[in-house]
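Structure file model-v9.pdb (PDB, C-alpha atoms) is printed below.
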```
ATOM      1  CA  MET S   1      74.015 122.831 108.697
ATOM      2  CA  ALA S   2      74.840 126.425 108.077
ATOM      3  CA  GLU S   3      77.880 127.674 106.200
ATOM      4  CA  ILE S   4      79.709 130.590 107.746
ATOM      5  CA  ARG S   5      82.385 132.422 105.785
ATOM      6  CA  ILE S   6      85.047 134.627 107.286
ATOM      7  CA  ASP S   7      87.127 136.883 105.110
ATOM      8  CA  CYS S   8      90.787 136.849 106.136
ATOM      9  CA  LEU S   9      92.283 138.050 102.861
ATOM     10  CA  TYR S  10      95.370 140.242 103.316
ATOM     11  CA  GLU S  11      95.561 139.321 106.995
ATOM     12  CA  ALA S  12      98.831 137.963 108.314
ATOM     13  CA  CYS S  13      99.360 135.190 110.834
ATOM     14  CA  PRO S  14      97.980 134.727 113.427
ATOM     15  CA  ILE S  15      94.849 136.784 112.644
ATOM     16  CA  PRO S  16      93.111 134.081 110.508
ATOM     17  CA  LEU S  17      93.519 131.478 113.238
ATOM     18  CA  LEU S  18      92.408 133.853 115.995
ATOM     19  CA  LYS S  19      89.337 134.927 113.994
ATOM     20  CA  ALA S  20      88.465 131.289 113.347
ATOM     21  CA  MET S  21      88.849 130.386 117.027
ATOM     22  CA  LYS S  22      86.513 133.236 118.034
ATOM     23  CA  LYS S  23      83.905 132.375 115.408
ATOM     24  CA  LEU S  24      84.042 128.658 116.162
ATOM     25  CA  LYS S  25      82.801 129.339 119.683
ATOM     26  CA  LYS S  26      79.677 131.118 118.422
ATOM     27  CA  ILE S  27      78.475 128.690 115.743
ATOM     28  CA  ALA S  28      76.395 125.548 116.329
ATOM     29  CA  VAL S  29      77.737 121.997 116.274
ATOM     30  CA  GLY S  30      77.777 120.630 112.720
ATOM     31  CA  ASP S  31      78.106 124.041 111.093
ATOM     32  CA  VAL S  32      80.783 124.510 108.460
ATOM     33  CA  LEU S  33      83.218 127.356 108.900
ATOM     34  CA  ILE S  34      85.004 128.595 105.785
ATOM     35  CA  ILE S  35      88.079 130.764 106.141
ATOM     36  CA  GLU S  36      89.250 132.617 103.042
ATOM     37  CA  THR S  37      92.930 133.452 103.157
ATOM     38  CA  ASP S  38      95.843 134.341 100.921
ATOM     39  CA  HIS S  39      98.476 133.796 103.577
ATOM     40  CA  SER S  40     100.307 130.564 102.909
ATOM     41  CA  CYS S  41     101.537 130.208 106.487
ATOM     42  CA  ALA S  42      97.966 130.134 107.745
ATOM     43  CA  ILE S  43      97.625 126.736 106.030
ATOM     44  CA  LYS S  44     100.387 125.242 108.146
ATOM     45  CA  ASN S  45      98.969 126.896 111.242
ATOM     46  CA  PHE S  46      95.514 125.488 110.613
ATOM     47  CA  THR S  47      96.562 121.926 109.762
ATOM     48  CA  GLU S  48      98.549 121.708 112.972
ATOM     49  CA  TRP S  49      95.844 123.249 115.119
ATOM     50  CA  THR S  50      92.993 121.174 113.683
ATOM     51  CA  GLN S  51      94.980 117.953 114.030
ATOM     52  CA  LYS S  52      95.726 118.763 117.635
ATOM     53  CA  ASN S  53      92.098 119.564 118.396
ATOM     54  CA  ASN S  54      90.759 116.692 116.283
ATOM     55  CA  LEU S  55      88.662 118.913 114.006
ATOM     56  CA  PRO S  56      87.856 117.772 110.464
ATOM     57  CA  CYS S  57      89.475 120.198 108.072
ATOM     58  CA  GLU S  58      89.837 120.491 104.318
ATOM     59  CA  ILE S  59      91.985 122.971 102.431
ATOM     60  CA  VAL S  60      91.323 123.947  98.817
ATOM     61  CA  GLU S  61      93.455 126.274  96.723
ATOM     62  CA  VAL S  62      90.735 128.198  94.926
ATOM     63  CA  ASP S  63      93.117 130.426  92.989
ATOM     64  CA  ASN S  64      96.857 130.947  92.729
ATOM     65  CA  GLY S  65      97.866 131.849  96.259
ATOM     66  CA  GLU S  66      94.317 131.917  97.606
ATOM     67  CA  TRP S  67      92.922 129.213  99.837
ATOM     68  CA  GLU S  68      89.673 128.190 101.474
ATOM     69  CA  ILE S  69      89.958 126.342 104.748
ATOM     70  CA  ARG S  70      86.799 124.436 105.695
ATOM     71  CA  LEU S  71      86.189 123.257 109.246
ATOM     72  CA  ILE S  72      83.283 121.496 110.883
ATOM     73  CA  LYS S  73      82.453 122.274 114.487
ATOM     74  CA  ARG S  74      82.070 119.146 116.530
TER      75      ARG S  74
ATOM     76  CA  MET O  75      85.409 111.789 112.144
ATOM     77  CA  PRO O  76      82.833 113.211 109.711
ATOM     78  CA  GLN O  77      84.257 114.035 106.322
ATOM     79  CA  ILE O  78      83.690 117.303 104.552
ATOM     80  CA  GLU O  79      82.205 116.619 101.164
ATOM     81  CA  ARG O  80      84.488 117.709  98.338
ATOM     82  CA  SER O  81      81.903 119.852  96.677
ATOM     83  CA  ILE O  82      83.543 123.122  95.812
ATOM     84  CA  VAL O  83      84.755 123.785  92.326
ATOM     85  CA  PRO O  84      87.311 126.532  91.753
ATOM     86  CA  ARG O  85      85.564 129.843  91.271
ATOM     87  CA  LYS O  86      87.735 130.785  88.332
ATOM     88  CA  LYS O  87      90.245 128.881  86.307
ATOM     89  CA  LYS O  88      93.711 129.260  87.740
ATOM     90  CA  LYS O  89      96.178 131.151  85.593
ATOM     91  CA  ASP O  90      99.106 129.106  84.407
ATOM     92  CA  GLN O  91     102.156 130.508  86.160
ATOM     93  CA  LYS O  92     104.797 128.450  84.381
ATOM     94  CA  PRO O  93     105.751 131.121  81.795
ATOM     95  CA  VAL O  94     106.279 133.647  84.597
ATOM     96  CA  PHE O  95     108.411 131.121  86.447
ATOM     97  CA  LEU O  96     110.593 130.530  83.376
ATOM     98  CA  ILE O  97     111.063 134.267  82.809
ATOM     99  CA  VAL O  98     112.014 134.838  86.459
ATOM    100  CA  LEU O  99     114.380 131.842  86.373
ATOM    101  CA  CYS O 100     116.136 133.252  83.275
ATOM    102  CA  VAL O 101     116.456 136.702  84.886
ATOM    103  CA  VAL O 102     117.866 135.170  88.090
ATOM    104  CA  LEU O 103     120.399 133.032  86.204
ATOM    105  CA  LEU O 104     121.437 136.006  84.060
ATOM    106  CA  LEU O 105     121.841 138.173  87.187
ATOM    107  CA  LEU O 106     123.843 135.417  88.858
ATOM    108  CA  TYR O 107     126.129 135.214  85.828
ATOM    109  CA  ILE O 108     126.654 139.002  85.622
ATOM    110  CA  VAL O 109     127.254 139.419  89.366
ATOM    111  CA  GLY O 110     129.312 136.254  89.745
ATOM    112  CA  SER O 111     131.651 136.952  86.853
ATOM    113  CA  ASN O 112     132.391 140.445  88.180
ATOM    114  CA  GLU O 113     132.922 139.513  91.817
ATOM    115  CA  GLN O 114     132.976 135.887  92.878
ATOM    116  CA  THR O 115     132.032 136.408  96.545
ATOM    117  CA  LEU O 116     128.925 138.389  95.573
ATOM    118  CA  GLY O 117     127.913 135.521  93.311
ATOM    119  CA  ILE O 118     128.253 133.112  96.214
ATOM    120  CA  TYR O 119     126.177 135.429  98.422
ATOM    121  CA  LEU O 120     123.461 135.606  95.779
ATOM    122  CA  THR O 121     123.418 131.810  95.369
ATOM    123  CA  PHE O 122     123.045 131.341  99.110
ATOM    124  CA  GLY O 123     120.349 134.019  99.218
ATOM    125  CA  ILE O 124     118.305 132.292  96.525
ATOM    126  CA  ALA O 125     118.770 128.915  98.235
ATOM    127  CA  PHE O 126     117.707 130.339 101.608
ATOM    128  CA  GLY O 127     114.638 131.956 100.083
ATOM    129  CA  PHE O 128     113.627 128.741  98.357
ATOM    130  CA  ILE O 129     114.030 126.646 101.498
ATOM    131  CA  LEU O 130     112.184 129.195 103.659
ATOM    132  CA  GLN O 131     109.263 129.363 101.247
ATOM    133  CA  ARG O 132     108.953 125.605 100.794
ATOM    134  CA  SER O 133     109.381 124.698 104.454
ATOM    135  CA  ARG O 134     107.177 127.522 105.817
ATOM    136  CA  PHE O 135     109.944 128.157 108.301
ATOM    137  CA  CYS O 136     108.956 131.287 110.183
ATOM    138  CA  PHE O 137     110.853 132.657 113.156
ATOM    139  CA  ALA O 138     107.945 134.885 114.171
ATOM    140  CA  ALA O 139     105.612 131.866 114.300
ATOM    141  CA  GLY O 140     108.249 129.905 116.176
ATOM    142  CA  PHE O 141     108.214 132.296 119.088
ATOM    143  CA  ARG O 142     104.533 133.248 118.857
ATOM    144  CA  ASP O 143     102.732 129.921 118.492
ATOM    145  CA  PRO O 144     103.763 128.508 121.895
ATOM    146  CA  VAL O 145     101.901 131.408 123.503
ATOM    147  CA  ILE O 146      98.907 131.606 121.163
ATOM    148  CA  VAL O 147      98.122 127.975 120.289
ATOM    149  CA  GLY O 148     100.497 126.026 122.519
ATOM    150  CA  SER O 149     102.382 124.428 119.638
ATOM    151  CA  THR O 150     106.165 124.316 119.785
ATOM    152  CA  SER O 151     106.986 122.420 116.579
ATOM    153  CA  ILE O 152     108.676 125.376 114.831
ATOM    154  CA  LEU O 153     110.472 126.502 117.981
ATOM    155  CA  ARG O 154     111.848 122.963 118.382
ATOM    156  CA  ALA O 155     113.017 123.105 114.756
ATOM    157  CA  ILE O 156     114.874 126.322 115.621
ATOM    158  CA  VAL O 157     116.492 124.571 118.609
ATOM    159  CA  ILE O 158     117.635 121.721 116.325
ATOM    160  CA  ALA O 159     119.016 124.282 113.862
ATOM    161  CA  MET O 160     120.963 125.846 116.752
ATOM    162  CA  VAL O 161     122.432 122.445 117.668
ATOM    163  CA  ILE O 162     123.629 122.015 114.068
ATOM    164  CA  MET O 163     125.003 125.566 114.048
ATOM    165  CA  THR O 164     126.842 124.972 117.330
ATOM    166  CA  ILE O 165     128.635 121.935 115.926
ATOM    167  CA  THR O 166     129.482 123.380 112.504
ATOM    168  CA  PHE O 167     130.555 126.787 113.814
ATOM    169  CA  SER O 168     132.791 125.115 116.381
ATOM    170  CA  ILE O 169     134.477 123.202 113.567
ATOM    171  CA  ILE O 170     134.898 126.389 111.515
ATOM    172  CA  GLN O 171     136.271 128.382 114.471
ATOM    173  CA  TYR O 172     138.553 125.597 115.682
ATOM    174  CA  HIS O 173     139.870 125.047 112.165
ATOM    175  CA  SER O 174     140.656 128.731 111.658
ATOM    176  CA  LEU O 175     142.388 128.933 115.071
ATOM    177  CA  LEU O 176     144.560 125.945 114.120
ATOM    178  CA  GLN O 177     145.560 127.764 110.957
ATOM    179  CA  GLY O 178     146.663 130.694 113.084
ATOM    180  CA  ILE O 179     144.040 133.262 112.088
ATOM    181  CA  PRO O 180     144.058 135.728 115.013
ATOM    182  CA  THR O 181     140.368 136.735 115.034
ATOM    183  CA  ILE O 182     137.652 134.174 115.690
ATOM    184  CA  PRO O 183     135.225 134.000 112.740
ATOM    185  CA  GLY O 184     131.559 134.611 113.468
ATOM    186  CA  HIS O 185     129.558 137.407 115.049
ATOM    187  CA  ILE O 186     130.808 137.617 118.598
ATOM    188  CA  TYR O 187     129.298 140.639 120.302
ATOM    189  CA  SER O 188     129.029 141.895 123.833
ATOM    190  CA  ILE O 189     125.991 140.728 125.776
ATOM    191  CA  GLY O 190     124.111 142.474 128.518
ATOM    192  CA  PHE O 191     120.792 144.037 129.377
ATOM    193  CA  HIS O 192     120.612 145.650 125.942
ATOM    194  CA  THR O 193     120.545 142.210 124.256
ATOM    195  CA  ALA O 194     117.428 141.152 126.156
ATOM    196  CA  LEU O 195     115.743 144.538 125.655
ATOM    197  CA  GLY O 196     116.459 144.548 121.929
ATOM    198  CA  GLY O 197     115.205 140.984 121.613
ATOM    199  CA  PHE O 198     111.968 141.892 123.390
ATOM    200  CA  LEU O 199     111.381 144.940 121.156
ATOM    201  CA  PHE O 200     112.101 142.925 118.021
ATOM    202  CA  GLY O 201     109.748 140.186 119.213
ATOM    203  CA  VAL O 202     106.861 142.602 119.756
ATOM    204  CA  GLY O 203     107.473 144.145 116.336
ATOM    205  CA  MET O 204     107.707 140.910 114.414
ATOM    206  CA  VAL O 205     104.515 139.449 115.844
ATOM    207  CA  ILE O 206     102.548 142.591 114.948
ATOM    208  CA  ALA O 207     104.140 142.767 111.490
ATOM    209  CA  GLY O 208     103.586 139.060 110.888
ATOM    210  CA  GLY O 209     107.169 138.158 110.106
ATOM    211  CA  CYS O 210     110.808 138.764 110.868
ATOM    212  CA  ALA O 211     113.251 140.014 108.238
ATOM    213  CA  THR O 212     113.525 136.774 106.267
ATOM    214  CA  GLY O 213     109.827 136.005 106.595
ATOM    215  CA  THR O 214     108.874 139.456 105.326
ATOM    216  CA  LEU O 215     111.136 139.196 102.274
ATOM    217  CA  MET O 216     109.972 135.655 101.518
ATOM    218  CA  ARG O 217     106.317 136.687 101.624
ATOM    219  CA  ILE O 218     106.872 139.716  99.410
ATOM    220  CA  GLY O 219     108.325 137.244  96.921
ATOM    221  CA  GLU O 220     105.187 135.164  97.316
ATOM    222  CA  GLY O 221     103.086 138.212  96.524
ATOM    223  CA  PHE O 222     101.594 138.886  99.939
ATOM    224  CA  LEU O 223     100.789 142.581  99.763
ATOM    225  CA  MET O 224     100.572 143.421 103.448
ATOM    226  CA  GLN O 225     104.275 142.693 103.914
ATOM    227  CA  CYS O 226     105.244 145.460 101.454
ATOM    228  CA  ILE O 227     104.055 147.946 104.090
ATOM    229  CA  VAL O 228     106.113 146.044 106.653
ATOM    230  CA  LEU O 229     109.165 146.351 104.398
ATOM    231  CA  ILE O 230     108.794 150.163 104.305
ATOM    232  CA  GLY O 231     108.675 150.222 108.103
ATOM    233  CA  PHE O 232     111.600 147.848 108.231
ATOM    234  CA  LEU O 233     113.708 150.117 106.012
ATOM    235  CA  ILE O 234     112.862 153.214 108.083
ATOM    236  CA  GLY O 235     113.705 151.360 111.298
ATOM    237  CA  THR O 236     116.984 150.010 109.951
ATOM    238  CA  LEU O 237     118.122 153.423 108.701
ATOM    239  CA  LEU O 238     117.229 155.121 112.003
ATOM    240  CA  GLY O 239     118.932 152.326 113.916
ATOM    241  CA  ALA O 240     122.110 152.569 111.870
ATOM    242  CA  ARG O 241     122.169 156.338 112.393
ATOM    243  CA  HIS O 242     121.741 156.214 116.153
ATOM    244  CA  PHE O 243     123.740 153.058 116.830
ATOM    245  CA  PRO O 244     127.091 154.755 117.649
ATOM    246  CA  TRP O 245     125.471 156.648 120.552
ATOM    247  CA  TRP O 246     124.028 153.452 122.084
ATOM    248  CA  GLU O 247     127.302 151.665 121.507
ATOM    249  CA  LYS O 248     129.278 154.373 123.295
ATOM    250  CA  ASN O 249     126.938 154.641 126.285
ATOM    251  CA  PHE O 250     125.676 151.096 126.904
ATOM    252  CA  ILE O 251     127.198 148.398 124.758
ATOM    253  CA  ASN O 252     130.931 148.993 124.985
ATOM    254  CA  GLU O 253     131.074 148.368 128.729
ATOM    255  CA  ALA O 254     129.315 144.995 128.470
ATOM    256  CA  PRO O 255     131.529 141.912 128.247
ATOM    257  CA  SER O 256     131.933 139.759 125.135
ATOM    258  CA  ILE O 257     131.939 136.094 126.038
ATOM    259  CA  HIS O 258     133.373 133.332 123.886
ATOM    260  CA  LEU O 259     132.568 130.123 125.764
ATOM    261  CA  PRO O 260     135.510 127.984 124.526
ATOM    262  CA  SER O 261     137.902 130.483 126.133
ATOM    263  CA  TYR O 262     136.368 129.622 129.523
ATOM    264  CA  PHE O 263     135.427 125.940 129.361
ATOM    265  CA  GLY O 264     137.643 124.628 126.579
ATOM    266  CA  TRP O 265     136.297 123.347 123.276
ATOM    267  CA  PRO O 266     134.754 119.986 124.336
ATOM    268  CA  GLY O 267     133.297 121.490 127.516
ATOM    269  CA  SER O 268     131.671 124.470 125.846
ATOM    270  CA  ILE O 269     130.236 122.468 122.939
ATOM    271  CA  GLY O 270     128.927 119.838 125.361
ATOM    272  CA  LEU O 271     127.412 122.493 127.616
ATOM    273  CA  GLN O 272     125.692 124.322 124.767
ATOM    274  CA  ILE O 273     124.287 121.148 123.197
ATOM    275  CA  GLY O 274     123.190 119.915 126.625
ATOM    276  CA  VAL O 275     121.296 123.148 127.326
ATOM    277  CA  LEU O 276     119.679 123.036 123.876
ATOM    278  CA  MET O 277     118.603 119.399 124.342
ATOM    279  CA  LEU O 278     117.096 120.265 127.725
ATOM    280  CA  LEU O 279     115.201 123.115 126.023
ATOM    281  CA  PHE O 280     113.957 120.699 123.356
ATOM    282  CA  TYR O 281     112.684 118.293 126.008
ATOM    283  CA  LEU O 282     110.944 121.080 127.958
ATOM    284  CA  LEU O 283     109.307 122.406 124.772
ATOM    285  CA  LYS O 284     108.022 118.936 123.881
ATOM    286  CA  ARG O 285     106.509 118.594 127.349
ATOM    287  CA  TYR O 286     104.985 122.070 127.077
ATOM    288  CA  GLU O 287     103.321 121.103 123.783
ATOM    289  CA  ASP O 288     101.875 117.887 125.226
ATOM    290  CA  LYS O 289     100.475 119.668 128.259
ATOM    291  CA  HIS O 290      99.102 122.826 126.678
ATOM    292  CA  ASN O 291      96.222 122.693 124.306
ATOM    293  CA  ILE O 292      95.162 126.281 123.997
ATOM    294  CA  MET O 293      91.818 126.909 122.385
ATOM    295  CA  LEU O 294      90.646 130.451 122.920
TER     296      LEU O 294
END
```

Would you mind writing the structure in this file as C-alpha cells?
Amino acid sequence: MAEIRIDCLYEACPIPLLKAMKKLKKIAVGDVLIIETDHSCAIKNFTEWTQKNNLPCEIVEVDNGEWEIRLIKR
Amino acid sequence: MPQIERSIVPRKKKKDQKPVFLIVLCVVLLLLYIVGSNEQTLGIYLTFGIAFGFILQRSRFCFAAGFRDPVIVGSTSILRAIVIAMVIMTITFSIIQYHSLLQGIPTIPGHIYSIGFHTALGGFLFGVGMVIAGGCATGTLMRIGEGFLMQCIVLIGFLIGTLLGARHFPWWEKNFINEAPSIHLPSYFGWPGSIGLQIGVLMLLFYLLKRYEDKHNIML
C-alpha cells in the first residue's frame, strides 16, 4: 500500500479533481492517494464525485483553510 | 467499503481565528452603522451584500461549477439548484412587477434588456472566462474573502475587463444591441400564461438535468 501525494495548493476548481482523476488511473489498487488543497470548493467537488463513484474518501482539515483529501483506489 | 484509518494528526496546531472574527464583525457593524445612518438605501445594499456573501460561502454555491461540472464530471446538482432558484425568482419577480403595475408605475421594475445574438455570444465568452478563472464575479469575491490567493489575480483581470467593457459599451450598443428586440413575456402571453410557460420550461430542464446526471458517470 503506497501513499501518493499530489500538491494542489493554490489551484482552483476543477484542477484538483482533474489531477486526482489522472493520477488515480496510474496507481495500483489499494494505494492511498492524498490530495493537498486550500480550495474549499474542491471539498464539495470531491465528496460528490467519490460518492458517485463509490470510492472511500476521508477529508481532514490540517490547518485553517487547508485540507487533505485521502482516497483509496479500488 | 474499506475504511481509511484515521491516523493523521494535524501537522501544526491550528491558529485560533475567533479574535480575528470578532474584530472583523465589529468593523462590519461599525461600517454598516456609518453607511446606513448617512444613506439608508446604501445600508440596505450593504446588509444584503453581507448576507449574500455569507450564504454563498456557507453553501458553496458556485455558478462556474454549476455550468462546468455537467461537462467535466457529469454532476448536475448545482445546476439544478440554479434552476430552482430561477423558479423562485420567476414567481417573486412576477409578484413584484404585477404589484408595481397595479400601483400605476409606468416602467416595469427589473433588468429588461434586448436579446439577440450578442446575448449568446457574451454568455459564451463569460463562460469560457469563468471556468479558466475558477469563479464568476460572486465566486471570485467570496473566495478572496476566504483568503484564496489565486483569485486576487482574477480580480485584477476582472477590474481591467469591466473598465474596458464600460468604455467600449456605447459603440456595441449603437451598432448591435439597439436593433435587437426587448421581450417582456407577460405582454405577449398574459401574466398566468407567461409564468406558467416559464416555470414549465424550467421544470422540464430540471427533469432533463436529473436524467443526464443518472446516465452520465464521467471518470476521465

Worksheet item: Which residues, written as a list of chain:residue names, have at least one atom at most 10 Å from Leu24 in chain S, with all atoms listed in the file counted and residues fewer than 2 positions away on the same chain left out?
Response: S:Ile4, S:Leu18, S:Lys19, S:Ala20, S:Met21, S:Lys22, S:Lys26, S:Ile27, S:Ala28, S:Val29, S:Asp31, S:Val32, S:Leu33, S:Leu71, S:Ile72, S:Lys73, S:Arg74, O:Leu294

Fill in: One-decimal distance in Å that lies between CA of Pro266 in chain O and CA of His173 in chain O
14.1 Å

Discussion item. Expand the PyMOL selection byres ((chain S and resi 8) around 8) into the explicit residue set it covers here, and present it as a list of chain:residue names.
Written reply: S:Ile6, S:Asp7, S:Leu9, S:Tyr10, S:Glu11, S:Ile15, S:Pro16, S:Ile35, S:Glu36, S:Thr37, S:Asp38

Selection from above, C-alpha atoms, as an mmCIF file, in the coordinates of the input, can you write it?
```
data_model
loop_
_atom_site.group_PDB
_atom_site.id
_atom_site.type_symbol
_atom_site.label_atom_id
_atom_site.label_comp_id
_atom_site.auth_asym_id
_atom_site.auth_seq_id
_atom_site.Cartn_x
_atom_site.Cartn_y
_atom_site.Cartn_z
ATOM 1 C CA ILE S 6 85.047 134.627 107.286
ATOM 2 C CA ASP S 7 87.127 136.883 105.110
ATOM 3 C CA LEU S 9 92.283 138.050 102.861
ATOM 4 C CA TYR S 10 95.370 140.242 103.316
ATOM 5 C CA GLU S 11 95.561 139.321 106.995
ATOM 6 C CA ILE S 15 94.849 136.784 112.644
ATOM 7 C CA PRO S 16 93.111 134.081 110.508
ATOM 8 C CA ILE S 35 88.079 130.764 106.141
ATOM 9 C CA GLU S 36 89.250 132.617 103.042
ATOM 10 C CA THR S 37 92.930 133.452 103.157
ATOM 11 C CA ASP S 38 95.843 134.341 100.921
#
```

Item to complete: Please return, as an MDAnalysis selection string, all residues of chain S lying within 6 Å of chain O when all atoms listed in the file are considered.
Response: chainID S and resid 12:13 62:63

Worksheet entry | the PyMOL selection byres ((chain O and resi 98-107) around 12) resolved against shown file, as a count of residues only | 26

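Residues matching the PyMOL selection byres ((chain O and resi 186-199) around 8) in this structure come to Gly184, His185, Phe200, Gly201, Val202, Gly203, Phe250, Ile251, Asn252, Ala254, Pro255, Ser256, Ile257 and His258 of chain O.
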
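Of note, CA of Leu233 in chain O and CA of Val145 in chain O are spaced 28.2 Å apart.
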
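Note that the spacing between CA of Gly267 in chain O and CA of Arg154 in chain O amounts to 23.4 Å.
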
Worksheet, complete the sentence: Using all atoms listed in the file, the shortest atom-to-atom distance to Pro14 in chain S among O:Leu130, O:Ile158, O:Cys226, O:Met204 belongs to O:Met204

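Residue nearest Ile273 in chain O, chosen from O:Trp246, O:Met160, O:His290, O:Arg241 and counting only C-alpha atoms: O:Met160.
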
Give me, as a short mmCIF file (atom, residue, chain, number, x, y, z; two decimals) with C-alpha atoms, keeping the file's coordinate frame, all polymer residues having an atom no more than 8 Å from Gly65 in chain S, counting only C-alpha atoms and skipping those fewer than 3 positions away in the same chain.
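This went into result-v6.cif:
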```
data_model
loop_
_atom_site.label_atom_id
_atom_site.label_comp_id
_atom_site.auth_asym_id
_atom_site.auth_seq_id
_atom_site.Cartn_x
_atom_site.Cartn_y
_atom_site.Cartn_z
CA ASP S 38 95.84 134.34 100.92
CA HIS S 39 98.48 133.80 103.58
CA SER S 40 100.31 130.56 102.91
CA GLU S 61 93.46 126.27 96.72
#
```

Box dimensions and centre (Å, one decimal) enclosing range 213-218 of chain O, axis-aligned, 6 Å extra per side, as JSON:
```
{"center_x": 108.7, "center_y": 137.7, "center_z": 103.0, "size_x": 16.8, "size_y": 16.1, "size_z": 19.2}
```
